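S.K.: Quick one, start_22.cif (mmCIF, N, CA and C atoms):
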```cif
data_work
loop_
_atom_site.label_atom_id
_atom_site.label_comp_id
_atom_site.auth_asym_id
_atom_site.auth_seq_id
_atom_site.Cartn_x
_atom_site.Cartn_y
_atom_site.Cartn_z
N MET A 1 0.86 -1.16 0.00
CA MET A 1 0.00 0.00 0.00
C MET A 1 0.91 1.21 0.00
N SER A 2 0.68 2.10 -0.94
CA SER A 2 1.46 3.31 -0.94
C SER A 2 0.54 4.49 -0.74
N ILE A 3 0.99 5.43 0.06
CA ILE A 3 0.19 6.62 0.32
C ILE A 3 0.57 7.63 -0.74
N ASP A 4 -0.43 8.01 -1.54
CA ASP A 4 -0.19 8.92 -2.64
C ASP A 4 -0.28 10.38 -2.23
N HIS A 5 -1.09 10.64 -1.22
CA HIS A 5 -1.32 12.04 -0.86
C HIS A 5 -1.78 12.14 0.58
N ILE A 6 -1.27 13.11 1.28
CA ILE A 6 -1.70 13.37 2.65
C ILE A 6 -2.52 14.67 2.63
N VAL A 7 -3.72 14.60 3.18
CA VAL A 7 -4.55 15.80 3.33
C VAL A 7 -4.43 16.21 4.78
N SER A 8 -3.83 17.37 5.00
CA SER A 8 -3.63 17.85 6.37
C SER A 8 -4.95 18.18 7.03
N ALA A 9 -4.95 18.11 8.35
CA ALA A 9 -6.14 18.47 9.12
C ALA A 9 -6.53 19.91 8.82
N LEU A 10 -7.83 20.15 8.82
CA LEU A 10 -8.32 21.51 8.61
C LEU A 10 -8.17 22.32 9.89
N GLY A 11 -8.08 23.62 9.74
CA GLY A 11 -8.09 24.50 10.90
C GLY A 11 -9.45 24.42 11.57
N SER A 12 -9.53 24.88 12.81
CA SER A 12 -10.77 24.72 13.58
C SER A 12 -11.96 25.42 12.92
N THR A 13 -11.75 26.59 12.33
CA THR A 13 -12.86 27.30 11.69
C THR A 13 -13.36 26.53 10.47
N ALA A 14 -12.43 26.10 9.62
CA ALA A 14 -12.82 25.34 8.42
C ALA A 14 -13.46 24.01 8.80
N ALA A 15 -12.94 23.34 9.82
CA ALA A 15 -13.52 22.07 10.28
C ALA A 15 -14.94 22.28 10.78
N ALA A 16 -15.16 23.36 11.54
CA ALA A 16 -16.50 23.65 12.06
C ALA A 16 -17.48 23.96 10.92
N GLU A 17 -17.02 24.71 9.93
CA GLU A 17 -17.87 25.02 8.77
C GLU A 17 -18.23 23.75 8.01
N LEU A 18 -17.25 22.87 7.82
CA LEU A 18 -17.51 21.62 7.12
C LEU A 18 -18.44 20.73 7.92
N ALA A 19 -18.24 20.66 9.23
CA ALA A 19 -19.12 19.85 10.09
C ALA A 19 -20.56 20.35 10.00
N ALA A 20 -20.74 21.67 9.99
CA ALA A 20 -22.09 22.23 9.88
C ALA A 20 -22.71 21.88 8.52
N ALA A 21 -21.90 21.92 7.48
CA ALA A 21 -22.40 21.59 6.14
C ALA A 21 -22.79 20.12 6.03
N LEU A 22 -22.12 19.26 6.79
CA LEU A 22 -22.39 17.82 6.75
C LEU A 22 -23.56 17.42 7.63
N ASP A 23 -24.04 18.35 8.47
CA ASP A 23 -25.14 18.02 9.38
C ASP A 23 -26.37 17.63 8.56
N GLY A 24 -26.96 16.51 8.90
CA GLY A 24 -28.11 16.01 8.15
C GLY A 24 -27.64 15.01 7.10
N SER A 25 -28.28 15.03 5.98
CA SER A 25 -27.95 14.09 4.91
C SER A 25 -27.64 14.86 3.63
N PRO A 26 -26.40 15.34 3.49
CA PRO A 26 -26.08 16.20 2.36
C PRO A 26 -26.12 15.46 1.02
N LEU A 27 -26.44 16.23 0.00
CA LEU A 27 -26.42 15.74 -1.37
C LEU A 27 -25.01 15.96 -1.89
N VAL A 28 -24.40 14.94 -2.43
CA VAL A 28 -23.04 15.05 -2.95
C VAL A 28 -23.10 14.99 -4.46
N THR A 29 -22.56 16.01 -5.10
CA THR A 29 -22.55 16.03 -6.57
C THR A 29 -21.12 16.21 -7.06
N LEU A 30 -20.87 15.71 -8.25
CA LEU A 30 -19.57 15.85 -8.90
C LEU A 30 -19.84 16.22 -10.35
N ASP A 31 -19.48 17.44 -10.73
CA ASP A 31 -19.76 17.95 -12.07
C ASP A 31 -21.23 17.78 -12.45
N GLY A 32 -22.12 18.05 -11.49
CA GLY A 32 -23.55 17.99 -11.74
C GLY A 32 -24.17 16.61 -11.61
N THR A 33 -23.34 15.58 -11.41
CA THR A 33 -23.84 14.21 -11.24
C THR A 33 -23.97 13.93 -9.75
N VAL A 34 -25.13 13.46 -9.33
CA VAL A 34 -25.36 13.14 -7.92
C VAL A 34 -24.71 11.80 -7.61
N LEU A 35 -23.86 11.80 -6.60
CA LEU A 35 -23.23 10.56 -6.14
C LEU A 35 -24.19 9.83 -5.20
N ALA A 36 -24.23 8.52 -5.34
CA ALA A 36 -25.09 7.71 -4.48
C ALA A 36 -24.32 6.48 -4.02
N GLY A 37 -24.86 5.79 -3.04
CA GLY A 37 -24.30 4.52 -2.59
C GLY A 37 -22.89 4.64 -2.05
N PRO A 38 -22.04 3.65 -2.37
CA PRO A 38 -20.69 3.62 -1.81
C PRO A 38 -19.83 4.83 -2.17
N ALA A 39 -20.01 5.40 -3.36
CA ALA A 39 -19.22 6.57 -3.74
C ALA A 39 -19.57 7.75 -2.84
N ARG A 40 -20.85 7.97 -2.62
CA ARG A 40 -21.30 9.05 -1.74
C ARG A 40 -20.78 8.81 -0.32
N ASP A 41 -20.91 7.57 0.15
CA ASP A 41 -20.47 7.24 1.50
C ASP A 41 -18.98 7.49 1.68
N ALA A 42 -18.17 7.15 0.67
CA ALA A 42 -16.72 7.35 0.76
C ALA A 42 -16.38 8.83 0.84
N VAL A 43 -17.03 9.65 0.03
CA VAL A 43 -16.78 11.09 0.05
C VAL A 43 -17.20 11.68 1.39
N LEU A 44 -18.35 11.27 1.88
CA LEU A 44 -18.82 11.79 3.17
C LEU A 44 -17.92 11.35 4.32
N GLU A 45 -17.41 10.12 4.26
CA GLU A 45 -16.50 9.66 5.32
C GLU A 45 -15.22 10.49 5.31
N LEU A 46 -14.68 10.76 4.12
CA LEU A 46 -13.49 11.59 4.02
C LEU A 46 -13.76 12.98 4.59
N LEU A 47 -14.87 13.57 4.19
CA LEU A 47 -15.20 14.91 4.68
C LEU A 47 -15.45 14.92 6.18
N ALA A 48 -16.08 13.87 6.71
CA ALA A 48 -16.33 13.79 8.16
C ALA A 48 -15.02 13.73 8.94
N LEU A 49 -14.04 12.98 8.43
CA LEU A 49 -12.74 12.92 9.09
C LEU A 49 -12.08 14.29 9.10
N LEU A 50 -12.15 14.99 7.99
CA LEU A 50 -11.57 16.33 7.93
C LEU A 50 -12.31 17.28 8.85
N ALA A 51 -13.64 17.15 8.90
CA ALA A 51 -14.43 18.01 9.78
C ALA A 51 -14.12 17.75 11.25
N ASP A 52 -13.67 16.53 11.54
CA ASP A 52 -13.31 16.16 12.91
C ASP A 52 -11.89 16.62 13.26
N GLY A 53 -11.24 17.31 12.31
CA GLY A 53 -9.91 17.83 12.58
C GLY A 53 -8.80 16.82 12.39
N GLN A 54 -9.07 15.73 11.66
CA GLN A 54 -8.06 14.70 11.43
C GLN A 54 -7.38 14.87 10.08
N SER A 55 -6.12 14.46 9.99
CA SER A 55 -5.43 14.38 8.71
C SER A 55 -5.83 13.05 8.07
N VAL A 56 -5.77 13.00 6.75
CA VAL A 56 -6.19 11.80 6.02
C VAL A 56 -5.12 11.44 5.00
N ALA A 57 -4.78 10.15 4.91
CA ALA A 57 -3.85 9.65 3.90
C ALA A 57 -4.66 8.96 2.81
N LEU A 58 -4.39 9.32 1.57
CA LEU A 58 -5.10 8.73 0.44
C LEU A 58 -4.15 7.89 -0.39
N GLY A 59 -4.59 6.73 -0.81
CA GLY A 59 -3.77 5.89 -1.67
C GLY A 59 -4.52 4.65 -2.08
N ALA A 60 -4.05 4.01 -3.11
CA ALA A 60 -4.67 2.78 -3.58
C ALA A 60 -4.27 1.63 -2.66
N VAL A 61 -5.18 0.68 -2.49
CA VAL A 61 -4.92 -0.48 -1.65
C VAL A 61 -5.18 -1.73 -2.48
N ALA A 62 -4.24 -2.63 -2.49
CA ALA A 62 -4.40 -3.89 -3.22
C ALA A 62 -5.47 -4.74 -2.55
N ASP A 63 -6.05 -5.67 -3.30
CA ASP A 63 -7.08 -6.54 -2.74
C ASP A 63 -6.50 -7.48 -1.68
N LEU A 64 -5.27 -7.97 -1.89
CA LEU A 64 -4.61 -8.82 -0.90
C LEU A 64 -3.54 -8.01 -0.19
N LEU A 65 -3.60 -8.02 1.13
CA LEU A 65 -2.71 -7.21 1.95
C LEU A 65 -1.71 -8.06 2.69
N THR A 66 -0.55 -7.49 2.95
CA THR A 66 0.42 -8.14 3.82
C THR A 66 -0.01 -7.95 5.27
N THR A 67 0.66 -8.64 6.17
CA THR A 67 0.38 -8.49 7.59
C THR A 67 0.57 -7.04 8.02
N SER A 68 1.64 -6.41 7.56
CA SER A 68 1.91 -5.01 7.93
C SER A 68 0.83 -4.07 7.42
N GLN A 69 0.36 -4.29 6.19
CA GLN A 69 -0.68 -3.44 5.64
C GLN A 69 -1.99 -3.61 6.40
N ALA A 70 -2.33 -4.85 6.73
CA ALA A 70 -3.54 -5.11 7.51
C ALA A 70 -3.43 -4.44 8.89
N ALA A 71 -2.27 -4.53 9.49
CA ALA A 71 -2.04 -3.92 10.81
C ALA A 71 -2.21 -2.41 10.73
N GLU A 72 -1.71 -1.80 9.67
CA GLU A 72 -1.82 -0.35 9.52
C GLU A 72 -3.29 0.07 9.41
N ILE A 73 -4.06 -0.67 8.63
CA ILE A 73 -5.48 -0.35 8.47
C ILE A 73 -6.23 -0.51 9.79
N LEU A 74 -5.89 -1.55 10.54
CA LEU A 74 -6.57 -1.81 11.80
C LEU A 74 -6.05 -0.96 12.95
N GLY A 75 -4.87 -0.38 12.77
CA GLY A 75 -4.28 0.44 13.83
C GLY A 75 -3.74 -0.40 14.97
N VAL A 76 -3.22 -1.59 14.62
CA VAL A 76 -2.66 -2.50 15.63
C VAL A 76 -1.28 -2.97 15.16
N SER A 77 -0.62 -3.77 15.97
CA SER A 77 0.71 -4.26 15.61
C SER A 77 0.62 -5.45 14.66
N ASP A 78 1.72 -5.72 13.96
CA ASP A 78 1.81 -6.90 13.10
C ASP A 78 1.58 -8.17 13.91
N THR A 79 2.15 -8.20 15.11
CA THR A 79 2.02 -9.38 15.97
C THR A 79 0.55 -9.65 16.30
N TYR A 80 -0.20 -8.59 16.60
CA TYR A 80 -1.61 -8.75 16.91
C TYR A 80 -2.38 -9.28 15.70
N VAL A 81 -2.05 -8.81 14.51
CA VAL A 81 -2.72 -9.30 13.29
C VAL A 81 -2.41 -10.78 13.09
N ARG A 82 -1.17 -11.18 13.32
CA ARG A 82 -0.82 -12.60 13.20
C ARG A 82 -1.63 -13.43 14.20
N ARG A 83 -1.79 -12.91 15.41
CA ARG A 83 -2.60 -13.62 16.41
C ARG A 83 -4.06 -13.74 15.97
N LEU A 84 -4.60 -12.66 15.40
CA LEU A 84 -5.98 -12.71 14.88
C LEU A 84 -6.11 -13.77 13.80
N ALA A 85 -5.10 -13.85 12.93
CA ALA A 85 -5.12 -14.84 11.85
C ALA A 85 -5.00 -16.25 12.41
N ASP A 86 -4.08 -16.45 13.33
CA ASP A 86 -3.87 -17.78 13.92
C ASP A 86 -5.09 -18.27 14.69
N SER A 87 -5.84 -17.34 15.29
CA SER A 87 -7.04 -17.72 16.06
C SER A 87 -8.26 -17.91 15.17
N GLY A 88 -8.15 -17.50 13.90
CA GLY A 88 -9.29 -17.62 13.00
C GLY A 88 -10.21 -16.42 13.02
N ALA A 89 -9.88 -15.41 13.83
CA ALA A 89 -10.72 -14.21 13.92
C ALA A 89 -10.63 -13.36 12.66
N LEU A 90 -9.52 -13.48 11.94
CA LEU A 90 -9.32 -12.74 10.70
C LEU A 90 -8.87 -13.74 9.64
N PRO A 91 -9.71 -13.97 8.62
CA PRO A 91 -9.37 -14.97 7.60
C PRO A 91 -8.08 -14.61 6.85
N ILE A 92 -7.34 -15.64 6.45
CA ILE A 92 -6.11 -15.44 5.69
C ILE A 92 -6.11 -16.32 4.45
N GLU A 93 -5.29 -15.94 3.51
CA GLU A 93 -4.96 -16.77 2.36
C GLU A 93 -3.45 -16.92 2.38
N MET A 94 -2.98 -18.12 2.28
CA MET A 94 -1.54 -18.34 2.29
C MET A 94 -1.01 -18.23 0.86
N ARG A 95 0.08 -17.52 0.71
CA ARG A 95 0.82 -17.42 -0.55
C ARG A 95 2.22 -17.93 -0.23
N GLY A 96 2.41 -19.21 -0.45
CA GLY A 96 3.64 -19.85 -0.01
C GLY A 96 3.62 -19.89 1.50
N THR A 97 4.62 -19.27 2.12
CA THR A 97 4.67 -19.22 3.58
C THR A 97 4.16 -17.89 4.14
N HIS A 98 3.62 -17.05 3.26
CA HIS A 98 3.21 -15.70 3.67
C HIS A 98 1.69 -15.61 3.82
N ARG A 99 1.27 -14.96 4.90
CA ARG A 99 -0.14 -14.69 5.12
C ARG A 99 -0.55 -13.51 4.25
N ARG A 100 -1.72 -13.61 3.64
CA ARG A 100 -2.29 -12.48 2.91
C ARG A 100 -3.73 -12.33 3.38
N PHE A 101 -4.16 -11.09 3.49
CA PHE A 101 -5.47 -10.76 4.02
C PHE A 101 -6.27 -10.05 2.95
N ARG A 102 -7.50 -10.47 2.74
CA ARG A 102 -8.38 -9.77 1.81
C ARG A 102 -8.78 -8.44 2.44
N LEU A 103 -8.71 -7.39 1.63
CA LEU A 103 -9.08 -6.06 2.10
C LEU A 103 -10.50 -6.09 2.67
N SER A 104 -11.41 -6.77 2.01
CA SER A 104 -12.80 -6.82 2.48
C SER A 104 -12.89 -7.46 3.87
N ASP A 105 -12.08 -8.48 4.15
CA ASP A 105 -12.09 -9.11 5.47
C ASP A 105 -11.54 -8.17 6.54
N VAL A 106 -10.46 -7.46 6.20
CA VAL A 106 -9.86 -6.52 7.15
C VAL A 106 -10.84 -5.39 7.46
N MET A 107 -11.50 -4.88 6.43
CA MET A 107 -12.45 -3.79 6.65
C MET A 107 -13.66 -4.27 7.46
N ALA A 108 -14.12 -5.49 7.20
CA ALA A 108 -15.24 -6.04 7.96
C ALA A 108 -14.86 -6.21 9.43
N TYR A 109 -13.64 -6.67 9.70
CA TYR A 109 -13.17 -6.81 11.07
C TYR A 109 -13.09 -5.43 11.74
N ARG A 110 -12.59 -4.46 10.99
CA ARG A 110 -12.45 -3.10 11.52
C ARG A 110 -13.81 -2.51 11.89
N GLU A 111 -14.83 -2.80 11.11
CA GLU A 111 -16.17 -2.27 11.38
C GLU A 111 -16.76 -2.83 12.67
N LYS A 112 -16.29 -4.00 13.10
CA LYS A 112 -16.80 -4.61 14.34
C LYS A 112 -16.38 -3.80 15.56
N PHE A 113 -15.30 -3.05 15.42
CA PHE A 113 -14.73 -2.31 16.55
C PHE A 113 -14.53 -0.85 16.16
N PRO A 114 -15.62 -0.07 16.17
CA PRO A 114 -15.51 1.33 15.76
C PRO A 114 -14.48 2.07 16.61
N ARG A 115 -13.76 2.95 15.96
CA ARG A 115 -12.75 3.75 16.66
C ARG A 115 -13.43 4.83 17.47
N THR A 116 -12.84 5.14 18.58
CA THR A 116 -13.34 6.24 19.39
C THR A 116 -12.32 7.36 19.33
N SER A 117 -12.82 8.57 19.28
CA SER A 117 -11.90 9.72 19.19
C SER A 117 -11.55 10.24 20.55
#
```
Rewrite the structure of this file - the entire thing - as structure tokens.
M.R.:
Amino acid sequence: MSIDHIVSALGSTAAAELAAALDGSPLVTLDGTVLAGPARDAVLELLALLADGQSVALGAVADLLTTSQAAEILGVSDTYVRRLADSGALPIEMRGTHRRFRLSDVMAYREKFPRTS
């Protein structure tokens, strides 16, 4: 996974303005086209993080992740991810002697334990 771009946290005034704009269920458009479903949700999640005063890293993620990449997404150590895999809590695919994690499985596991700010 490579991080292509870092979006710095917004200042408090800009974050407050964005948070106010996101209050409710905003309509998201791109060049006049209304975004719906997962695309809308992704844009709103990005904007919500910025409104919360957080920096955001943007980059492409491969479908199969290494232990380190899975750990980064989950915000835990590599050792903890290996323990999750060994216990069966996080499904793995073996590539030779290497564990690989499906992005969808890592994200599903992450959703079970929402982050607290």
S.K.: Using DSSP on the backbone coordinates, identify the residues of chain A assigned to strand (DSSP E); present them as number ranges by chain.
M.R.: A: 5-7, 29-30, 33-34, 56-58, 64-65, 93-95, 98-102
S.K.: From the list A:Thr29, A:Ser87, A:Thr66, A:Ser12, which residue is nearest Ala51 (chain A) when using only C-alpha atoms?
M.R.: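 Ranked by minimum distance to Ala51 (chain A), first place goes to A:Ser12.
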S.K.: Could you tell me, as a short mmCIF file (atom, residue, chain, number, x, y, z; two decimals) with N, CA and C atoms, keeping the file's coordinate frame, which residues have any atom at most 12 Å from (-9.5, -16.5, 8.3), counting only C-alpha atoms?
M.R.:
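That gives us part-v8.cif:
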```cif
data_model
loop_
_atom_site.label_atom_id
_atom_site.label_comp_id
_atom_site.auth_asym_id
_atom_site.auth_seq_id
_atom_site.Cartn_x
_atom_site.Cartn_y
_atom_site.Cartn_z
N VAL A 81 -2.05 -8.81 14.51
CA VAL A 81 -2.72 -9.30 13.29
C VAL A 81 -2.41 -10.78 13.09
N ARG A 82 -1.17 -11.18 13.32
CA ARG A 82 -0.82 -12.60 13.20
C ARG A 82 -1.63 -13.43 14.20
N ARG A 83 -1.79 -12.91 15.41
CA ARG A 83 -2.60 -13.62 16.41
C ARG A 83 -4.06 -13.74 15.97
N LEU A 84 -4.60 -12.66 15.40
CA LEU A 84 -5.98 -12.71 14.88
C LEU A 84 -6.11 -13.77 13.80
N ALA A 85 -5.10 -13.85 12.93
CA ALA A 85 -5.12 -14.84 11.85
C ALA A 85 -5.00 -16.25 12.41
N ASP A 86 -4.08 -16.45 13.33
CA ASP A 86 -3.87 -17.78 13.92
C ASP A 86 -5.09 -18.27 14.69
N SER A 87 -5.84 -17.34 15.29
CA SER A 87 -7.04 -17.72 16.06
C SER A 87 -8.26 -17.91 15.17
N GLY A 88 -8.15 -17.50 13.90
CA GLY A 88 -9.29 -17.62 13.00
C GLY A 88 -10.21 -16.42 13.02
N ALA A 89 -9.88 -15.41 13.83
CA ALA A 89 -10.72 -14.21 13.92
C ALA A 89 -10.63 -13.36 12.66
N LEU A 90 -9.52 -13.48 11.94
CA LEU A 90 -9.32 -12.74 10.70
C LEU A 90 -8.87 -13.74 9.64
N PRO A 91 -9.71 -13.97 8.62
CA PRO A 91 -9.37 -14.97 7.60
C PRO A 91 -8.08 -14.61 6.85
N ILE A 92 -7.34 -15.64 6.45
CA ILE A 92 -6.11 -15.44 5.69
C ILE A 92 -6.11 -16.32 4.45
N GLU A 93 -5.29 -15.94 3.51
CA GLU A 93 -4.96 -16.77 2.36
C GLU A 93 -3.45 -16.92 2.38
N MET A 94 -2.98 -18.12 2.28
CA MET A 94 -1.54 -18.34 2.29
C MET A 94 -1.01 -18.23 0.86
N ARG A 99 1.27 -14.96 4.90
CA ARG A 99 -0.14 -14.69 5.12
C ARG A 99 -0.55 -13.51 4.25
N ARG A 100 -1.72 -13.61 3.64
CA ARG A 100 -2.29 -12.48 2.91
C ARG A 100 -3.73 -12.33 3.38
N PHE A 101 -4.16 -11.09 3.49
CA PHE A 101 -5.47 -10.76 4.02
C PHE A 101 -6.27 -10.05 2.95
N ARG A 102 -7.50 -10.47 2.74
CA ARG A 102 -8.38 -9.77 1.81
C ARG A 102 -8.78 -8.44 2.44
N SER A 104 -11.41 -6.77 2.01
CA SER A 104 -12.80 -6.82 2.48
C SER A 104 -12.89 -7.46 3.87
N ASP A 105 -12.08 -8.48 4.15
CA ASP A 105 -12.09 -9.11 5.47
C ASP A 105 -11.54 -8.17 6.54
N VAL A 106 -10.46 -7.46 6.20
CA VAL A 106 -9.86 -6.52 7.15
C VAL A 106 -10.84 -5.39 7.46
N ALA A 108 -14.12 -5.49 7.20
CA ALA A 108 -15.24 -6.04 7.96
C ALA A 108 -14.86 -6.21 9.43
N TYR A 109 -13.64 -6.67 9.70
CA TYR A 109 -13.17 -6.81 11.07
C TYR A 109 -13.09 -5.43 11.74
#
```
S.K.: Between CA of Leu74 (chain A) and atom N of Gly59 (chain A), measure the distance and give it in Å to one decimal.
M.R.: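 Result for CA of Leu74 (chain A) versus atom N of Gly59 (chain A): 15.4 Å, one decimal.
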S.K.: Exactly which residues make up the result of the PyMOL selection byres (((chain A and resi 47 and name CA) around 12) and name CA) on this file, given as number ranges by chain?
M.R.: A: 7, 9-10, 14-23, 26, 28, 40-46, 48-56
S.K.: I need the residues of chain A that end up classed as alpha helix (DSSP H) by DSSP on the backbone, written out as number ranges by chain.
M.R.: A: 12-22, 37-51, 67-74, 78-87, 103-112
S.K.: Just give me the gap between atom N of Thr79 (chain A) and atom C of Leu58 (chain A) in Å, one decimal is fine.
M.R.: 23.2 Å
